[in-house]
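Asker: This is the structure I have questions about; it appears just below.
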Amino acid sequence: MNAHGTVPDPGASGAPLPSAPDAPDLVHGSVVRPGALLTLGALAGILLTLLGTGHTPGPWWAWFPLTIGLALLAVGTRLYAARAPLAVASGWVLTVSAASCVTSGLLLLYGAMENGWPAYLIVTGVAVAGMGVDRFGRSGLTGRTGTARWGRSIAGMVNRLHVVWGLACAFLGVVFALWFGAGMTLLGSYTPEQWIGFAMIVAGAHAAFEGVLFWTGRRTREILLSALMLSVGLGTLVQGAALASLTLS
């Protein structure tokens, strides 16, 4: 309302201009979320490892995947910080894909692809786990709060799978890096197969737990989901226990 007691038209001088409907989705929140920062930290760790182990830059063409991956990573982390579901999903896909692309560029540039391939598991696992951590702070991909994020819900299960299985993937990457890169003597008194078995036990036990959680569900999809998770979880648990105890024949 102006000094004359009337409300100016939206297009008139002095009237507030209406904001674009999608503007809040693009400018809301921090520029980079913690999950994306964990991904960047994993990539920085791979670079520092290559430099610390005496690798030197090699072929110039390795800069192609490296620079393209960095560009996609910048775009992906920016979209992932938005509120719109499509933007968040696109940002997640771009971030994980870009992290893999940057890893390829680093391994090719420093000539470490032969023994450095476990870096893919480490970076991808950290990226997936980091995104799962972020999802606990907001429900699914909608940015809404107040709904079940830890309880018995399919969205909560997806969040937990991201965190637990992402960390398990990163752990396997570390085991493979020590096994093929530095030698199995650094793995301690347990063999590489046993360390893999330990990771499978954790992942299988968690899958079985999710199956038990949904076994009492009232919806058909929840009961079917419990059957799937119980079967996969128990099978993985048995396989992991066999590896950890070295009873495979």
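Here's how to read the names in the structure tokens: chain A, B, ... by the order shown, residue numbers from 1 in each chain, ligand numbers from 1 in the order shown.
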Tell me which protein, DNA and RNA residues are within 7 Å of Leu72 of chain A, counting only C-alpha atoms, leaving out same-chain ones fewer than 3 positions away, and put them as a list in words.
Answerer: Ile68, Gly69, Val75, Gly76, Leu94 and Ala98 of chain A
Asker: Those residues you just picked out, can you put them in a file as a short mmCIF file (atom, residue, chain, number, x, y, z; two decimals), in the first residue's frame with all heavy atoms?
Answerer:
data_model
loop_
_atom_site.label_atom_id
_atom_site.label_comp_id
_atom_site.auth_asym_id
_atom_site.auth_seq_id
_atom_site.Cartn_x
_atom_site.Cartn_y
_atom_site.Cartn_z
N ILE A 68 37.28 -32.26 -16.75
CA ILE A 68 35.84 -32.44 -16.96
C ILE A 68 35.17 -32.91 -15.67
O ILE A 68 34.08 -32.44 -15.30
CB ILE A 68 35.59 -33.44 -18.10
CG1 ILE A 68 36.06 -32.85 -19.44
CG2 ILE A 68 34.12 -33.83 -18.19
CD1 ILE A 68 36.00 -33.82 -20.59
N GLY A 69 35.82 -33.83 -14.96
CA GLY A 69 35.26 -34.30 -13.70
C GLY A 69 35.15 -33.19 -12.67
O GLY A 69 34.17 -33.11 -11.93
N VAL A 75 29.33 -28.39 -10.54
CA VAL A 75 27.91 -28.26 -10.86
C VAL A 75 27.07 -29.18 -9.99
O VAL A 75 26.01 -28.81 -9.47
CB VAL A 75 27.67 -28.54 -12.36
CG1 VAL A 75 26.18 -28.50 -12.68
CG2 VAL A 75 28.41 -27.54 -13.22
N GLY A 76 27.54 -30.42 -9.81
CA GLY A 76 26.78 -31.38 -9.02
C GLY A 76 26.62 -30.96 -7.57
O GLY A 76 25.52 -31.07 -7.00
N LEU A 94 25.38 -36.38 -10.56
CA LEU A 94 26.54 -35.67 -11.09
C LEU A 94 27.73 -35.76 -10.13
O LEU A 94 28.87 -35.94 -10.56
CB LEU A 94 26.19 -34.20 -11.35
CG LEU A 94 25.46 -33.89 -12.66
CD1 LEU A 94 25.15 -32.40 -12.74
CD2 LEU A 94 26.30 -34.31 -13.86
N ALA A 98 31.01 -37.54 -11.21
CA ALA A 98 32.17 -36.66 -11.33
C ALA A 98 33.31 -37.12 -10.43
O ALA A 98 34.48 -37.05 -10.82
CB ALA A 98 31.78 -35.23 -10.98
#
Asker: Would you list, as a ChimeraX atom specification, the residues of segment 22-244 of chain A that end up in helix (DSSP H, G or I) under DSSP run on this structure's backbone?
Answerer: /A:23-27,34-52,60-80,85-109,113-116,118-136,154-182,184-187,192-215,220-244
Asker: With distances taken over only C-alpha atoms, which residue among A:Phe198, A:Phe180, A:Phe209, A:Phe214 lies nearest Glu114 of chain A?
Answerer: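 Going through A:Phe198, A:Phe180, A:Phe209, A:Phe214 one by one, the smallest distance to Glu114 of chain A is for A:Phe180.
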Asker: Can you pull out every residue within 12 Å of segment 41-56 of chain A, counting only C-alpha atoms, but drop anything in the same chain fewer than 5 positions away, and send it as a PDB file with N, CA, C and O atoms, in the first residue's frame?
Answerer:
ATOM      1  N   PRO A  34      27.655 -31.188   3.692  1.00  0.00           N
ATOM      2  CA  PRO A  34      28.718 -32.018   4.284  1.00  0.00           C
ATOM      3  C   PRO A  34      29.053 -33.259   3.473  1.00  0.00           C
ATOM      4  O   PRO A  34      30.225 -33.651   3.390  1.00  0.00           O
ATOM      5  N   GLY A  35      28.033 -33.913   2.888  1.00  0.00           N
ATOM      6  CA  GLY A  35      28.307 -35.102   2.097  1.00  0.00           C
ATOM      7  C   GLY A  35      29.200 -34.812   0.908  1.00  0.00           C
ATOM      8  O   GLY A  35      30.095 -35.598   0.571  1.00  0.00           O
ATOM      9  N   ALA A  36      28.972 -33.668   0.263  1.00  0.00           N
ATOM     10  CA  ALA A  36      29.824 -33.282  -0.860  1.00  0.00           C
ATOM     11  C   ALA A  36      31.234 -32.940  -0.380  1.00  0.00           C
ATOM     12  O   ALA A  36      32.220 -33.230  -1.060  1.00  0.00           O
ATOM     13  N   LEU A  66      40.181 -35.394 -15.856  1.00  0.00           N
ATOM     14  CA  LEU A  66      40.357 -34.694 -14.588  1.00  0.00           C
ATOM     15  C   LEU A  66      39.629 -33.359 -14.576  1.00  0.00           C
ATOM     16  O   LEU A  66      38.863 -33.052 -13.648  1.00  0.00           O
ATOM     17  N   GLY A  69      35.816 -33.834 -14.963  1.00  0.00           N
ATOM     18  CA  GLY A  69      35.262 -34.303 -13.702  1.00  0.00           C
ATOM     19  C   GLY A  69      35.154 -33.190 -12.672  1.00  0.00           C
ATOM     20  O   GLY A  69      34.165 -33.111 -11.934  1.00  0.00           O
ATOM     21  N   LEU A  70      36.152 -32.310 -12.603  1.00  0.00           N
ATOM     22  CA  LEU A  70      36.097 -31.196 -11.663  1.00  0.00           C
ATOM     23  C   LEU A  70      34.956 -30.240 -12.001  1.00  0.00           C
ATOM     24  O   LEU A  70      34.277 -29.721 -11.099  1.00  0.00           O
ATOM     25  N   LEU A  73      31.798 -31.882 -10.993  1.00  0.00           N
ATOM     26  CA  LEU A  73      31.724 -31.919  -9.538  1.00  0.00           C
ATOM     27  C   LEU A  73      31.247 -30.587  -8.979  1.00  0.00           C
ATOM     28  O   LEU A  73      30.441 -30.540  -8.036  1.00  0.00           O
ATOM     29  N   THR A  95      27.474 -35.620  -8.833  1.00  0.00           N
ATOM     30  CA  THR A  95      28.554 -35.632  -7.861  1.00  0.00           C
ATOM     31  C   THR A  95      29.258 -36.984  -7.825  1.00  0.00           C
ATOM     32  O   THR A  95      30.493 -37.060  -7.860  1.00  0.00           O
ATOM     33  N   VAL A  96      28.484 -38.058  -7.768  1.00  0.00           N
ATOM     34  CA  VAL A  96      29.087 -39.388  -7.716  1.00  0.00           C
ATOM     35  C   VAL A  96      29.804 -39.704  -9.033  1.00  0.00           C
ATOM     36  O   VAL A  96      30.925 -40.231  -9.033  1.00  0.00           O
ATOM     37  N   ALA A  98      31.009 -37.542 -11.209  1.00  0.00           N
ATOM     38  CA  ALA A  98      32.168 -36.664 -11.331  1.00  0.00           C
ATOM     39  C   ALA A  98      33.308 -37.123 -10.435  1.00  0.00           C
ATOM     40  O   ALA A  98      34.483 -37.046 -10.821  1.00  0.00           O
ATOM     41  N   ALA A  99      32.984 -37.632  -9.234  1.00  0.00           N
ATOM     42  CA  ALA A  99      34.033 -38.130  -8.350  1.00  0.00           C
ATOM     43  C   ALA A  99      34.767 -39.302  -8.991  1.00  0.00           C
ATOM     44  O   ALA A  99      35.996 -39.406  -8.901  1.00  0.00           O
ATOM     45  N   SER A 100      34.028 -40.182  -9.658  1.00  0.00           N
ATOM     46  CA  SER A 100      34.651 -41.296 -10.359  1.00  0.00           C
ATOM     47  C   SER A 100      35.504 -40.801 -11.520  1.00  0.00           C
ATOM     48  O   SER A 100      36.596 -41.328 -11.781  1.00  0.00           O
ATOM     49  N   CYS A 101      35.021 -39.778 -12.222  1.00  0.00           N
ATOM     50  CA  CYS A 101      35.767 -39.217 -13.353  1.00  0.00           C
ATOM     51  C   CYS A 101      37.065 -38.561 -12.881  1.00  0.00           C
ATOM     52  O   CYS A 101      38.119 -38.727 -13.497  1.00  0.00           O
ATOM     53  N   VAL A 102      37.005 -37.822 -11.781  1.00  0.00           N
ATOM     54  CA  VAL A 102      38.212 -37.196 -11.232  1.00  0.00           C
ATOM     55  C   VAL A 102      39.204 -38.264 -10.779  1.00  0.00           C
ATOM     56  O   VAL A 102      40.417 -38.136 -10.980  1.00  0.00           O
ATOM     57  N   THR A 103      38.691 -39.327 -10.171  1.00  0.00           N
ATOM     58  CA  THR A 103      39.565 -40.424  -9.754  1.00  0.00           C
ATOM     59  C   THR A 103      40.287 -41.029 -10.953  1.00  0.00           C
ATOM     60  O   THR A 103      41.495 -41.307 -10.889  1.00  0.00           O
ATOM     61  N   SER A 104      39.551 -41.224 -12.045  1.00  0.00           N
ATOM     62  CA  SER A 104      40.185 -41.740 -13.269  1.00  0.00           C
ATOM     63  C   SER A 104      41.274 -40.795 -13.745  1.00  0.00           C
ATOM     64  O   SER A 104      42.373 -41.236 -14.123  1.00  0.00           O
ATOM     65  N   GLY A 105      40.981 -39.501 -13.759  1.00  0.00           N
ATOM     66  CA  GLY A 105      41.970 -38.530 -14.208  1.00  0.00           C
ATOM     67  C   GLY A 105      43.223 -38.545 -13.358  1.00  0.00           C
ATOM     68  O   GLY A 105      44.355 -38.492 -13.888  1.00  0.00           O
ATOM     69  N   LEU A 106      43.064 -38.624 -12.037  1.00  0.00           N
ATOM     70  CA  LEU A 106      44.224 -38.641 -11.149  1.00  0.00           C
ATOM     71  C   LEU A 106      45.061 -39.897 -11.351  1.00  0.00           C
ATOM     72  O   LEU A 106      46.294 -39.832 -11.430  1.00  0.00           O
ATOM     73  N   LEU A 107      44.388 -41.055 -11.435  1.00  0.00           N
ATOM     74  CA  LEU A 107      45.133 -42.311 -11.600  1.00  0.00           C
ATOM     75  C   LEU A 107      45.853 -42.366 -12.938  1.00  0.00           C
ATOM     76  O   LEU A 107      46.978 -42.861 -13.032  1.00  0.00           O
ATOM     77  N   LEU A 108      45.207 -41.851 -13.986  1.00  0.00           N
ATOM     78  CA  LEU A 108      45.848 -41.832 -15.300  1.00  0.00           C
ATOM     79  C   LEU A 108      46.987 -40.819 -15.348  1.00  0.00           C
ATOM     80  O   LEU A 108      48.047 -41.085 -15.924  1.00  0.00           O
ATOM     81  N   LEU A 109      46.774 -39.661 -14.739  1.00  0.00           N
ATOM     82  CA  LEU A 109      47.794 -38.612 -14.780  1.00  0.00           C
ATOM     83  C   LEU A 109      49.066 -39.043 -14.068  1.00  0.00           C
ATOM     84  O   LEU A 109      50.174 -38.736 -14.520  1.00  0.00           O
ATOM     85  N   TYR A 110      48.907 -39.760 -12.963  1.00  0.00           N
ATOM     86  CA  TYR A 110      50.072 -40.169 -12.183  1.00  0.00           C
ATOM     87  C   TYR A 110      50.472 -41.620 -12.448  1.00  0.00           C
ATOM     88  O   TYR A 110      51.278 -42.183 -11.707  1.00  0.00           O
ATOM     89  N   GLY A 111      49.892 -42.237 -13.470  1.00  0.00           N
ATOM     90  CA  GLY A 111      50.290 -43.576 -13.860  1.00  0.00           C
ATOM     91  C   GLY A 111      50.102 -44.617 -12.784  1.00  0.00           C
ATOM     92  O   GLY A 111      50.939 -45.511 -12.626  1.00  0.00           O
ATOM     93  N   ALA A 112      49.005 -44.513 -12.028  1.00  0.00           N
ATOM     94  CA  ALA A 112      48.788 -45.425 -10.897  1.00  0.00           C
ATOM     95  C   ALA A 112      47.540 -46.274 -11.077  1.00  0.00           C
ATOM     96  O   ALA A 112      47.002 -46.786 -10.095  1.00  0.00           O
ATOM     97  N   MET A 113      47.090 -46.426 -12.309  1.00  0.00           N
ATOM     98  CA  MET A 113      45.847 -47.156 -12.542  1.00  0.00           C
ATOM     99  C   MET A 113      45.982 -48.643 -12.181  1.00  0.00           C
ATOM    100  O   MET A 113      45.048 -49.263 -11.683  1.00  0.00           O
ATOM    101  N   ASN A 115      47.720 -50.310  -9.809  1.00  0.00           N
ATOM    102  CA  ASN A 115      47.592 -50.628  -8.388  1.00  0.00           C
ATOM    103  C   ASN A 115      46.674 -49.662  -7.640  1.00  0.00           C
ATOM    104  O   ASN A 115      46.388 -49.893  -6.462  1.00  0.00           O
ATOM    105  N   GLY A 116      46.222 -48.626  -8.317  1.00  0.00           N
ATOM    106  CA  GLY A 116      45.422 -47.623  -7.631  1.00  0.00           C
ATOM    107  C   GLY A 116      43.931 -47.734  -7.847  1.00  0.00           C
ATOM    108  O   GLY A 116      43.170 -46.894  -7.353  1.00  0.00           O
ATOM    109  N   TRP A 117      43.478 -48.779  -8.536  1.00  0.00           N
ATOM    110  CA  TRP A 117      42.048 -48.903  -8.825  1.00  0.00           C
ATOM    111  C   TRP A 117      41.179 -49.002  -7.570  1.00  0.00           C
ATOM    112  O   TRP A 117      39.991 -48.642  -7.623  1.00  0.00           O
ATOM    113  N   PRO A 118      41.673 -49.457  -6.395  1.00  0.00           N
ATOM    114  CA  PRO A 118      40.807 -49.432  -5.209  1.00  0.00           C
ATOM    115  C   PRO A 118      40.335 -48.036  -4.830  1.00  0.00           C
ATOM    116  O   PRO A 118      39.391 -47.896  -4.051  1.00  0.00           O
ATOM    117  N   ALA A 119      40.975 -47.003  -5.378  1.00  0.00           N
ATOM    118  CA  ALA A 119      40.539 -45.634  -5.089  1.00  0.00           C
ATOM    119  C   ALA A 119      39.102 -45.415  -5.535  1.00  0.00           C
ATOM    120  O   ALA A 119      38.379 -44.594  -4.942  1.00  0.00           O
ATOM    121  N   TYR A 120      38.660 -46.116  -6.577  1.00  0.00           N
ATOM    122  CA  TYR A 120      37.266 -45.981  -7.019  1.00  0.00           C
ATOM    123  C   TYR A 120      36.303 -46.398  -5.901  1.00  0.00           C
ATOM    124  O   TYR A 120      35.306 -45.721  -5.643  1.00  0.00           O
ATOM    125  N   LEU A 121      36.595 -47.520  -5.242  1.00  0.00           N
ATOM    126  CA  LEU A 121      35.732 -47.984  -4.170  1.00  0.00           C
ATOM    127  C   LEU A 121      35.740 -47.012  -3.001  1.00  0.00           C
ATOM    128  O   LEU A 121      34.701 -46.749  -2.383  1.00  0.00           O
ATOM    129  N   ILE A 122      36.905 -46.470  -2.688  1.00  0.00           N
ATOM    130  CA  ILE A 122      37.010 -45.545  -1.557  1.00  0.00           C
ATOM    131  C   ILE A 122      36.210 -44.284  -1.822  1.00  0.00           C
ATOM    132  O   ILE A 122      35.376 -43.854  -1.004  1.00  0.00           O
ATOM    133  N   VAL A 123      36.442 -43.661  -2.982  1.00  0.00           N
ATOM    134  CA  VAL A 123      35.768 -42.395  -3.291  1.00  0.00           C
ATOM    135  C   VAL A 123      34.265 -42.596  -3.447  1.00  0.00           C
ATOM    136  O   VAL A 123      33.461 -41.829  -2.905  1.00  0.00           O
ATOM    137  N   THR A 124      33.873 -43.635  -4.173  1.00  0.00           N
ATOM    138  CA  THR A 124      32.444 -43.888  -4.366  1.00  0.00           C
ATOM    139  C   THR A 124      31.759 -44.210  -3.044  1.00  0.00           C
ATOM    140  O   THR A 124      30.657 -43.728  -2.763  1.00  0.00           O
ATOM    141  N   GLY A 125      32.403 -45.030  -2.224  1.00  0.00           N
ATOM    142  CA  GLY A 125      31.820 -45.363  -0.937  1.00  0.00           C
ATOM    143  C   GLY A 125      31.650 -44.155  -0.042  1.00  0.00           C
ATOM    144  O   GLY A 125      30.603 -43.980   0.596  1.00  0.00           O
ATOM    145  N   VAL A 126      32.664 -43.296   0.017  1.00  0.00           N
ATOM    146  CA  VAL A 126      32.568 -42.076   0.822  1.00  0.00           C
ATOM    147  C   VAL A 126      31.467 -41.164   0.286  1.00  0.00           C
ATOM    148  O   VAL A 126      30.709 -40.559   1.051  1.00  0.00           O
ATOM    149  N   ALA A 127      31.373 -41.057  -1.051  1.00  0.00           N
ATOM    150  CA  ALA A 127      30.339 -40.202  -1.646  1.00  0.00           C
ATOM    151  C   ALA A 127      28.941 -40.696  -1.296  1.00  0.00           C
ATOM    152  O   ALA A 127      28.070 -39.915  -0.891  1.00  0.00           O
ATOM    153  N   VAL A 128      28.720 -42.007  -1.425  1.00  0.00           N
ATOM    154  CA  VAL A 128      27.394 -42.562  -1.119  1.00  0.00           C
ATOM    155  C   VAL A 128      27.069 -42.408   0.367  1.00  0.00           C
ATOM    156  O   VAL A 128      25.963 -42.013   0.738  1.00  0.00           O
ATOM    157  N   ALA A 129      28.040 -42.700   1.234  1.00  0.00           N
ATOM    158  CA  ALA A 129      27.810 -42.557   2.673  1.00  0.00           C
ATOM    159  C   ALA A 129      27.558 -41.097   3.041  1.00  0.00           C
ATOM    160  O   ALA A 129      26.695 -40.803   3.880  1.00  0.00           O
ATOM    161  N   GLY A 130      28.298 -40.189   2.427  1.00  0.00           N
ATOM    162  CA  GLY A 130      28.107 -38.771   2.722  1.00  0.00           C
ATOM    163  C   GLY A 130      26.732 -38.285   2.319  1.00  0.00           C
ATOM    164  O   GLY A 130      26.097 -37.499   3.041  1.00  0.00           O
ATOM    165  N   ALA A 170      33.748 -48.221   1.038  1.00  0.00           N
ATOM    166  CA  ALA A 170      35.005 -47.501   1.237  1.00  0.00           C
ATOM    167  C   ALA A 170      36.006 -48.353   2.013  1.00  0.00           C
ATOM    168  O   ALA A 170      37.208 -48.349   1.726  1.00  0.00           O
ATOM    169  N   GLY A 173      37.591 -50.760  -0.244  1.00  0.00           N
ATOM    170  CA  GLY A 173      38.596 -50.082  -1.053  1.00  0.00           C
ATOM    171  C   GLY A 173      39.921 -49.949  -0.321  1.00  0.00           C
ATOM    172  O   GLY A 173      40.995 -50.141  -0.910  1.00  0.00           O
ATOM    173  N   VAL A 174      39.870 -49.622   0.969  1.00  0.00           N
ATOM    174  CA  VAL A 174      41.097 -49.523   1.766  1.00  0.00           C
ATOM    175  C   VAL A 174      41.779 -50.881   1.867  1.00  0.00           C
ATOM    176  O   VAL A 174      43.008 -50.992   1.742  1.00  0.00           O
ATOM    177  N   ALA A 177      43.413 -51.652  -1.385  1.00  0.00           N
ATOM    178  CA  ALA A 177      44.587 -50.807  -1.587  1.00  0.00           C
ATOM    179  C   ALA A 177      45.782 -51.346  -0.808  1.00  0.00           C
ATOM    180  O   ALA A 177      46.913 -51.370  -1.313  1.00  0.00           O
ATOM    181  N   GLY A 181      48.309 -52.831  -3.259  1.00  0.00           N
ATOM    182  CA  GLY A 181      49.240 -51.721  -3.408  1.00  0.00           C
ATOM    183  C   GLY A 181      50.422 -51.784  -2.458  1.00  0.00           C
ATOM    184  O   GLY A 181      51.574 -51.699  -2.873  1.00  0.00           O
ATOM    185  N   ALA A 182      50.139 -51.950  -1.148  1.00  0.00           N
ATOM    186  CA  ALA A 182      51.210 -51.895  -0.161  1.00  0.00           C
ATOM    187  C   ALA A 182      51.630 -53.258   0.351  1.00  0.00           C
ATOM    188  O   ALA A 182      52.628 -53.374   1.041  1.00  0.00           O
TER     189      ALA A 182
END
Asker: Using only C-alpha atoms, which of A:Val212, A:Gly197, A:Gly156, A:Arg33 sits nearest Arg83 of chain A?
Answerer: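 With only C-alpha atoms as the atom set, the closest residue is A:Arg33.
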Asker: Which residues are close to Gly132 of chain A, i.e. within 9 Å by only C-alpha atoms, leaving aside same-chain residues fewer than 5 positions away? Reply as a list in words.
Answerer: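 What passes the distance filter is Gly35, Ala127, Val158, Asn159, Arg160, Leu161, His162, Val163, Val164 and Gly166 of chain A.
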Asker: Write the residues of the preceding selection, restricted to all heavy atoms, as a compact mmCIF listing (two decimals), in the first residue's frame.
Answerer:
# COMPACT_ATOMS: atom_id res chain seq x y z
N GLY A 35 28.03 -33.91 2.89
CA GLY A 35 28.31 -35.10 2.10
C GLY A 35 29.20 -34.81 0.91
O GLY A 35 30.10 -35.60 0.57
N ALA A 127 31.37 -41.06 -1.05
CA ALA A 127 30.34 -40.20 -1.65
C ALA A 127 28.94 -40.70 -1.30
O ALA A 127 28.07 -39.92 -0.89
CB ALA A 127 30.52 -40.14 -3.16
N VAL A 158 16.47 -46.34 3.07
CA VAL A 158 17.38 -45.91 2.02
C VAL A 158 18.51 -45.07 2.61
O VAL A 158 19.68 -45.21 2.24
CB VAL A 158 16.62 -45.12 0.93
CG1 VAL A 158 17.59 -44.51 -0.07
CG2 VAL A 158 15.63 -46.04 0.21
N ASN A 159 18.17 -44.19 3.55
CA ASN A 159 19.19 -43.37 4.20
C ASN A 159 20.22 -44.24 4.91
O ASN A 159 21.42 -44.03 4.80
CB ASN A 159 18.54 -42.42 5.20
CG ASN A 159 17.58 -41.45 4.55
OD1 ASN A 159 17.64 -41.24 3.35
ND2 ASN A 159 16.72 -40.85 5.34
N ARG A 160 19.73 -45.23 5.66
CA ARG A 160 20.64 -46.09 6.40
C ARG A 160 21.49 -46.95 5.48
O ARG A 160 22.67 -47.19 5.76
CB ARG A 160 19.84 -46.97 7.37
CG ARG A 160 19.16 -46.20 8.49
CD ARG A 160 18.54 -47.14 9.50
NE ARG A 160 17.43 -47.90 8.95
CZ ARG A 160 16.16 -47.52 8.97
NH1 ARG A 160 15.84 -46.35 9.49
NH2 ARG A 160 15.20 -48.27 8.47
N LEU A 161 20.90 -47.42 4.38
CA LEU A 161 21.68 -48.21 3.42
C LEU A 161 22.81 -47.37 2.82
O LEU A 161 23.92 -47.87 2.61
CB LEU A 161 20.77 -48.75 2.31
CG LEU A 161 19.78 -49.84 2.70
CD1 LEU A 161 18.95 -50.25 1.50
CD2 LEU A 161 20.49 -51.05 3.28
N HIS A 162 22.52 -46.13 2.52
CA HIS A 162 23.55 -45.25 1.98
C HIS A 162 24.72 -45.14 2.95
O HIS A 162 25.89 -45.24 2.55
CB HIS A 162 22.98 -43.85 1.71
CG HIS A 162 22.33 -43.72 0.39
ND1 HIS A 162 21.07 -44.20 0.13
CD2 HIS A 162 22.73 -43.14 -0.77
CE1 HIS A 162 20.73 -43.94 -1.12
NE2 HIS A 162 21.73 -43.29 -1.69
N VAL A 163 24.43 -44.94 4.21
CA VAL A 163 25.50 -44.72 5.19
C VAL A 163 26.28 -46.01 5.44
O VAL A 163 27.52 -46.05 5.29
CB VAL A 163 24.91 -44.18 6.51
CG1 VAL A 163 26.00 -44.10 7.57
CG2 VAL A 163 24.29 -42.81 6.29
N VAL A 164 25.58 -47.10 5.81
CA VAL A 164 26.26 -48.33 6.20
C VAL A 164 26.97 -48.98 5.02
O VAL A 164 28.15 -49.34 5.09
CB VAL A 164 25.26 -49.32 6.84
CG1 VAL A 164 25.93 -50.64 7.16
CG2 VAL A 164 24.66 -48.71 8.11
N GLY A 166 27.72 -47.63 2.10
CA GLY A 166 28.74 -46.74 1.54
C GLY A 166 30.05 -46.85 2.31
O GLY A 166 31.13 -46.92 1.73
Asker: Applying 9 Å and only C-alpha atoms, which residues near Leu79 of chain A remain after dropping the ones on its own chain fewer than 2 positions away? List them as a ChimeraX atom specification.
Answerer: /A:26,31,74-77,81-84,87-92,94
Asker: Kindly indicate which residue among A:Leu38, A:Pro57, A:Ile154, A:Arg78 lies nearest to Arg221 of chain A, using only C-alpha atoms for the distances.
Answerer: A:Ile154
Asker: Which residue out of A:Ile223, A:Leu37, A:Leu172, A:Val93 has the minimum interatomic distance to Trp195 of chain A when only C-alpha atoms are used?
Answerer: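 Using only C-alpha atoms, the shortest distance to Trp195 of chain A belongs to A:Leu172.
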Asker: So which residues touch Leu213 of chain A within 12 Å, counting only C-alpha atoms, skipping near sequence neighbours fewer than 3 positions away, as an MDAnalysis selection string?
Answerer: chainID A and resid 150:154 156:157 206:210 216:218 222:223 225:227 229:230
Asker: Go ahead and compute the interatomic distance for atom CA of Gly240 of chain A and atom CA of Gln194 of chain A, in Å to one decimal.
Answerer: 8.2 Å
Asker: To one decimal place in Å, what is the distance between atom CA of Leu237 of chain A and atom CA of Trp165 of chain A?
Answerer: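 Between atom CA of Leu237 of chain A and atom CA of Trp165 of chain A the gap works out to 13.6 Å.
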